[in-house]
>>> print(open('target.cif').read())   # mmCIF, C-alpha atoms and all ligand atoms
data_upload
loop_
_atom_site.label_atom_id
_atom_site.label_comp_id
_atom_site.auth_asym_id
_atom_site.auth_seq_id
_atom_site.Cartn_x
_atom_site.Cartn_y
_atom_site.Cartn_z
CA HIS A 1 -2.97 -28.67 3.89
CA THR A 2 -0.85 -27.86 0.86
CA GLY A 3 2.60 -28.72 2.19
CA GLY A 4 5.75 -27.17 0.73
CA PRO A 5 8.04 -24.61 2.28
CA SER A 6 5.48 -21.79 2.37
CA ALA A 7 3.14 -23.82 4.52
CA ALA A 8 5.70 -24.00 7.31
CA VAL A 9 5.72 -21.33 10.00
CA PHE A 10 8.39 -18.73 9.49
CA GLY A 11 10.32 -18.83 12.75
CA GLU A 12 13.64 -17.97 14.33
CA GLU A 13 15.50 -20.55 12.27
CA GLN A 14 14.21 -19.19 9.00
CA GLU A 15 14.98 -15.61 9.98
CA ALA A 16 18.47 -16.66 11.09
CA LEU A 17 19.10 -18.34 7.73
CA VAL A 18 18.15 -15.22 5.81
CA LEU A 19 20.11 -12.88 8.08
CA SER A 20 23.22 -15.05 8.22
CA ALA A 21 23.43 -15.17 4.42
CA TRP A 22 22.94 -11.41 4.21
CA GLY A 23 25.54 -10.89 6.95
CA ALA A 24 28.07 -12.83 4.86
CA MET A 25 27.13 -11.02 1.65
CA LYS A 26 26.53 -7.40 2.56
CA GLY A 27 30.19 -6.36 2.69
CA ASP A 28 30.27 -7.29 -0.97
CA SER A 29 26.86 -5.87 -1.85
CA ALA A 30 28.02 -3.75 -4.81
CA SER A 31 29.44 -6.66 -6.81
CA LEU A 32 26.66 -8.91 -5.61
CA ALA A 33 24.12 -6.40 -6.89
CA VAL A 34 25.79 -6.49 -10.30
CA LYS A 35 25.61 -10.29 -10.42
CA PHE A 36 21.99 -10.18 -9.30
CA PHE A 37 20.75 -7.89 -12.06
CA LEU A 38 22.94 -9.48 -14.75
CA ARG A 39 21.28 -12.76 -13.80
CA ILE A 40 17.82 -11.13 -14.12
CA PHE A 41 18.63 -9.98 -17.66
CA GLU A 42 20.17 -13.36 -18.51
CA ILE A 43 16.87 -15.05 -17.62
CA ALA A 44 14.70 -12.29 -19.10
CA PRO A 45 16.59 -10.04 -21.55
CA GLY A 46 13.40 -8.14 -22.32
CA ALA A 47 13.24 -6.89 -18.72
CA LYS A 48 15.87 -4.27 -19.57
CA GLN A 49 13.24 -2.29 -21.44
CA MET A 50 11.35 -1.62 -18.23
CA PHE A 51 14.13 0.38 -16.66
CA SER A 52 13.81 3.93 -17.98
CA PHE A 53 17.45 4.77 -17.32
CA LEU A 54 18.58 1.73 -19.36
CA ARG A 55 16.31 2.59 -22.27
CA ASP A 56 17.73 6.10 -22.30
CA ALA A 57 21.33 4.94 -21.94
CA GLY A 58 21.36 2.89 -25.16
CA ASP A 59 22.66 -0.59 -25.83
CA ASP A 60 26.37 -0.05 -25.38
CA ALA A 61 26.21 1.53 -21.92
CA PRO A 62 27.93 -0.74 -19.39
CA LEU A 63 25.30 -2.23 -17.07
CA GLU A 64 27.91 -3.04 -14.47
CA ASN A 65 28.36 0.57 -13.50
CA HIS A 66 24.79 1.59 -13.25
CA PRO A 67 24.13 3.12 -9.81
CA LYS A 68 20.33 2.93 -10.02
CA LEU A 69 20.42 -0.71 -11.01
CA LYS A 70 22.76 -1.50 -8.13
CA ALA A 71 20.47 0.39 -5.79
CA HIS A 72 17.47 -1.61 -6.98
CA ALA A 73 19.29 -4.90 -6.41
CA VAL A 74 20.44 -3.95 -2.91
CA THR A 75 16.95 -2.70 -2.05
CA VAL A 76 15.43 -6.04 -2.99
CA PHE A 77 18.00 -7.81 -0.76
CA VAL A 78 17.50 -5.49 2.19
CA MET A 79 13.71 -5.49 1.95
CA ALA A 80 13.69 -9.30 1.78
CA CYS A 81 15.75 -9.34 5.01
CA GLU A 82 13.30 -6.93 6.66
CA SER A 83 10.50 -9.11 5.43
CA ALA A 84 12.10 -12.14 7.12
CA THR A 85 12.33 -10.31 10.45
CA GLN A 86 8.70 -9.23 10.23
CA LEU A 87 7.57 -12.70 9.28
CA ARG A 88 9.28 -14.12 12.34
CA ASN A 89 7.86 -11.40 14.61
CA THR A 90 4.30 -11.12 13.35
CA GLY A 91 3.78 -13.76 10.65
CA ASP A 92 3.02 -10.97 8.20
CA VAL A 93 4.87 -8.43 6.09
CA LYS A 94 3.99 -4.80 6.64
CA VAL A 95 5.90 -2.40 4.45
CA ARG A 96 5.34 1.20 5.46
CA GLU A 97 2.10 2.41 3.87
CA ALA A 98 3.67 5.32 1.99
CA THR A 99 6.55 3.16 0.73
CA LEU A 100 4.19 0.45 -0.42
CA LYS A 101 1.94 2.90 -2.27
CA ARG A 102 4.94 4.33 -4.06
CA LEU A 103 6.28 0.87 -4.91
CA GLY A 104 2.87 -0.17 -6.28
CA ALA A 105 2.68 2.89 -8.51
CA THR A 106 6.31 2.65 -9.71
CA HIS A 107 6.05 -0.98 -10.71
CA VAL A 108 2.71 -0.60 -12.47
CA LYS A 109 4.05 2.38 -14.40
CA ALA A 110 7.19 0.43 -15.38
CA GLY A 111 5.05 -2.43 -16.72
CA VAL A 112 6.21 -5.03 -14.19
CA ALA A 113 4.09 -8.22 -14.31
CA ASP A 114 3.73 -11.26 -12.02
CA ALA A 115 6.15 -13.25 -14.19
CA HIS A 116 8.86 -10.65 -13.54
CA PHE A 117 8.58 -11.23 -9.81
CA GLU A 118 9.29 -14.92 -10.46
CA VAL A 119 12.32 -14.04 -12.58
CA VAL A 120 13.67 -11.79 -9.86
CA LYS A 121 13.08 -14.51 -7.26
CA THR A 122 15.06 -17.04 -9.29
CA ALA A 123 17.87 -14.53 -9.86
CA LEU A 124 17.92 -13.65 -6.15
CA VAL A 125 18.16 -17.28 -5.07
CA ASP A 126 20.83 -18.08 -7.69
CA THR A 127 22.87 -15.08 -6.57
CA ILE A 128 22.79 -16.11 -2.91
CA ARG A 129 23.59 -19.75 -3.74
CA ASP A 130 26.68 -18.64 -5.66
CA ALA A 131 27.69 -16.08 -3.03
CA VAL A 132 27.54 -18.37 0.01
CA PRO A 133 27.98 -21.92 -1.36
CA ASP A 134 29.20 -23.24 2.01
CA MET A 135 26.09 -22.02 3.84
CA TRP A 136 23.62 -23.00 1.13
CA THR A 137 20.96 -25.56 2.09
CA PRO A 138 17.41 -26.33 0.92
CA GLU A 139 16.21 -24.73 4.16
CA MET A 140 18.08 -21.51 3.41
CA LYS A 141 16.63 -21.46 -0.10
CA ALA A 142 13.11 -21.96 1.25
CA ALA A 143 13.54 -19.20 3.86
CA TRP A 144 14.67 -16.65 1.25
CA GLU A 145 11.88 -17.67 -1.11
CA ASP A 146 9.32 -17.29 1.65
CA ALA A 147 10.57 -13.88 2.71
CA TYR A 148 10.67 -12.71 -0.91
CA ASP A 149 7.23 -14.16 -1.77
CA GLN A 150 5.56 -12.35 1.12
CA LEU A 151 7.24 -9.08 0.18
CA ALA A 152 6.32 -9.54 -3.49
CA ALA A 153 2.72 -10.32 -2.50
CA ALA A 154 2.50 -7.03 -0.57
CA ILE A 155 3.83 -5.08 -3.56
CA LYS A 156 1.57 -6.93 -6.03
CA GLU A 157 -1.46 -6.20 -3.85
CA GLU A 158 -0.61 -2.51 -3.92
CA MET A 159 -0.07 -2.70 -7.70
CA LYS A 160 -3.70 -3.81 -8.07
CA ASN A 161 -4.81 -0.68 -6.23
CA ALA A 162 -2.52 1.51 -8.32
CA ALA A 163 -3.55 0.03 -11.69
C1 LIG B 201 11.82 0.62 -9.02
C2 LIG B 201 11.94 -2.24 -5.09
C3 LIG B 201 10.72 -6.06 -7.85
C4 LIG B 201 11.53 -3.38 -11.78
C5 LIG B 201 11.94 0.19 -7.72
C6 LIG B 201 12.26 1.03 -6.60
C7 LIG B 201 12.29 0.23 -5.50
C8 LIG B 201 12.00 -1.12 -5.91
C9 LIG B 201 12.57 0.64 -4.05
C10 LIG B 201 12.58 2.53 -6.64
C11 LIG B 201 11.38 3.36 -6.96
C12 LIG B 201 10.40 3.44 -5.82
O1 LIG B 201 10.82 3.44 -4.66
O2 LIG B 201 9.20 3.50 -6.10
C13 LIG B 201 11.57 -3.52 -5.49
C14 LIG B 201 11.37 -4.65 -4.60
C15 LIG B 201 11.00 -5.72 -5.39
C16 LIG B 201 11.01 -5.26 -6.76
C17 LIG B 201 11.53 -4.62 -3.09
C18 LIG B 201 10.68 -7.16 -5.06
C19 LIG B 201 10.39 -7.63 -3.88
C20 LIG B 201 10.84 -5.67 -9.16
C21 LIG B 201 10.66 -6.53 -10.29
C22 LIG B 201 10.93 -5.79 -11.39
C23 LIG B 201 11.24 -4.45 -10.96
C24 LIG B 201 10.22 -7.97 -10.23
C25 LIG B 201 10.94 -6.24 -12.83
C26 LIG B 201 11.88 -7.03 -13.29
C27 LIG B 201 11.60 -2.06 -11.38
C28 LIG B 201 11.63 -0.93 -12.30
C29 LIG B 201 11.70 0.23 -11.52
C30 LIG B 201 11.71 -0.22 -10.11
C31 LIG B 201 11.60 -1.03 -13.83
C32 LIG B 201 11.75 1.67 -12.02
C33 LIG B 201 13.14 2.01 -12.42
C34 LIG B 201 13.18 3.31 -13.20
O3 LIG B 201 12.93 3.27 -14.41
O4 LIG B 201 13.45 4.34 -12.58
N1 LIG B 201 11.80 -1.12 -7.28
N2 LIG B 201 11.35 -3.93 -6.77
N3 LIG B 201 11.20 -4.41 -9.59
N4 LIG B 201 11.63 -1.60 -10.08
FE1 LIG B 201 11.50 -2.76 -8.45
#
>>> encode(input="target.cif", output="structure tokens")
Amino acid sequence: HTGGPSAAVFGEEQEALVLSAWGAMKGDSASLAVKFFLRIFEIAPGAKQMFSFLRDAGDDAPLENHPKLKAHAVTVFVMACESATQLRNTGDVKVREATLKRLGATHVKAGVADAHFEVVKTALVDTIRDAVPDMWTPEMKAAWEDAYDQLAAAIKEEMKNAA
């Protein structure tokens, strides 16, 4: 028995914590997405190089207005929410096979490593904490981390197959 948040069963309470935060945030998802990826690049400035459209855009292009970067941020949020619902229902995360294959290939090709998934997790959690300070609890943090970890594990597994 290892203890820690991941050892606990992901149940209705955990799902509700993830979904209630997302419910409070999603109306503001565009500006939230900006904060999320700015936080990623604050923690790991080198990560910018992985995004082809940022490399091409040059240094002075305003990150804030980048539609693809916003889309990536919102996708991570939405997929983490879906992951939470699946975890509660089945105890496992099953991303659609075709989607997962594509995600594996994309991330391998972009040069994404395990450490990047940790950076994105930290940025995700920081963003939610700052967005819903009144709702924020250690339990909510653990639920988001769990949902994200399971999703990241599914993508990483597919990255091994794609490598
Ligand atoms: C592309 C989702 C984590 C960097 C994409 C795409 C999606 C996605 C949907 C669009 C392309 C496609 O569908 O194949 C996710 C999810 C993640 C995650 C759900 C975590 C659970 C990460 C991490 C990094 C990263 C940790 C690195 C910091 C990228 C890059 C691209 C990409 C560089 C390609 C962008 C381009 O140059 O066009 N991701 N991603 N992603 N992702 Fe992620």
>>> residues_around(input="target.cif", residues="segment 106-112 of chain A", least_positions_apart="2", cutoff="8 Å", atoms="all atoms listed in the file", output="compact mmCIF listing (two decimals) with C-alpha atoms, in the coordinates of the input")
# COMPACT_ATOMS: atom_id res chain seq x y z
CA MET A 50 11.35 -1.62 -18.23
CA PHE A 51 14.13 0.38 -16.66
CA SER A 52 13.81 3.93 -17.98
CA ARG A 102 4.94 4.33 -4.06
CA LEU A 103 6.28 0.87 -4.91
CA GLY A 104 2.87 -0.17 -6.28
CA ASP A 114 3.73 -11.26 -12.02
CA HIS A 116 8.86 -10.65 -13.54
CA PHE A 117 8.58 -11.23 -9.81
CA MET A 159 -0.07 -2.70 -7.70
CA ALA A 162 -2.52 1.51 -8.32
CA ALA A 163 -3.55 0.03 -11.69
>>> atom_distance(input="target.cif", atom1="atom CA of Ile40 of chain A", atom2="atom C3 of ligand LIG 201 (chain B)")
10.7 Å
>>> closest_residue(input="target.cif", among="A:Leu87, A:Leu32, A:Ala24, A:Ala44", to="ligand LIG 201 (chain B)", atoms="only C-alpha atoms and all ligand atoms")
A:Ala44
>>> closest_residue(input="target.cif", among="A:Arg39, A:Lys156, A:Arg55, A:Lys68", to="Ala113 of chain A", atoms="only C-alpha atoms")
A:Lys156
>>> atom_distance(input="target.cif", atom1="atom CA of Gly23 of chain A", atom2="atom CA of Ala98 of chain A")
27.7 Å
>>> closest_residue(input="target.cif", among="A:Met140, A:Val93, A:Ala115, A:Ala16", to="ligand LIG 201 (chain B)", atoms="all atoms listed in the file")
A:Ala115
>>> atom_distance(input="target.cif", atom1="atom C9 of ligand LIG 201 (chain B)", atom2="atom CA of Leu100 of chain A")
9.1 Å
>>> closest_atom_pairs(input="target.cif", of="segment 103-130 of chain A", to="segment 74-82 of chain A", cutoff="10 Å", atoms="all atoms listed in the file", output="tab-separated table")
residue	atom	partner	partner_atom	distance
A:Val120	CA	A:Val76	CA	9.1
A:Lys121	CA	A:Val76	CA	9.8
A:Leu124	CA	A:Phe77	CA	7.9
A:Ile128	CA	A:Phe77	CA	9.8
>>> closest_residue(input="target.cif", among="A:Asp126, A:Glu158, A:Asp28, A:Asp92", to="Lys70 of chain A", atoms="only C-alpha atoms")
A:Asp28
>>> closest_residue(input="target.cif", among="A:Ala105, A:Val95, A:Val132, A:Met25", to="Ala153 of chain A", atoms="all atoms listed in the file")
A:Val95
>>> closest_residue(input="target.cif", among="A:Pro62, A:Gly11, A:Gly27, A:Gly46", to="ligand LIG 201 (chain B)", atoms="all atoms listed in the file")
A:Gly46
>>> residues_near_point(input="target.cif", point="(29.9, -4.2, -6.0)", cutoff="12 Å", atoms="only C-alpha atoms", output="PDB file with C-alpha atoms, in the frame of the given file")
ATOM      1  CA  MET A  25      27.130 -11.020   1.650  1.00  0.00           C
ATOM      2  CA  LYS A  26      26.530  -7.400   2.560  1.00  0.00           C
ATOM      3  CA  GLY A  27      30.190  -6.360   2.690  1.00  0.00           C
ATOM      4  CA  ASP A  28      30.270  -7.290  -0.970  1.00  0.00           C
ATOM      5  CA  SER A  29      26.860  -5.870  -1.850  1.00  0.00           C
ATOM      6  CA  ALA A  30      28.020  -3.750  -4.810  1.00  0.00           C
ATOM      7  CA  SER A  31      29.440  -6.660  -6.810  1.00  0.00           C
ATOM      8  CA  LEU A  32      26.660  -8.910  -5.610  1.00  0.00           C
ATOM      9  CA  ALA A  33      24.120  -6.400  -6.890  1.00  0.00           C
ATOM     10  CA  VAL A  34      25.790  -6.490 -10.300  1.00  0.00           C
ATOM     11  CA  LYS A  35      25.610 -10.290 -10.420  1.00  0.00           C
ATOM     12  CA  PHE A  36      21.990 -10.180  -9.300  1.00  0.00           C
ATOM     13  CA  PHE A  37      20.750  -7.890 -12.060  1.00  0.00           C
ATOM     14  CA  GLU A  64      27.910  -3.040 -14.470  1.00  0.00           C
ATOM     15  CA  ASN A  65      28.360   0.570 -13.500  1.00  0.00           C
ATOM     16  CA  HIS A  66      24.790   1.590 -13.250  1.00  0.00           C
ATOM     17  CA  PRO A  67      24.130   3.120  -9.810  1.00  0.00           C
ATOM     18  CA  LEU A  69      20.420  -0.710 -11.010  1.00  0.00           C
ATOM     19  CA  LYS A  70      22.760  -1.500  -8.130  1.00  0.00           C
ATOM     20  CA  ALA A  71      20.470   0.390  -5.790  1.00  0.00           C
ATOM     21  CA  ALA A  73      19.290  -4.900  -6.410  1.00  0.00           C
ATOM     22  CA  VAL A  74      20.440  -3.950  -2.910  1.00  0.00           C
TER      23      VAL A  74
END
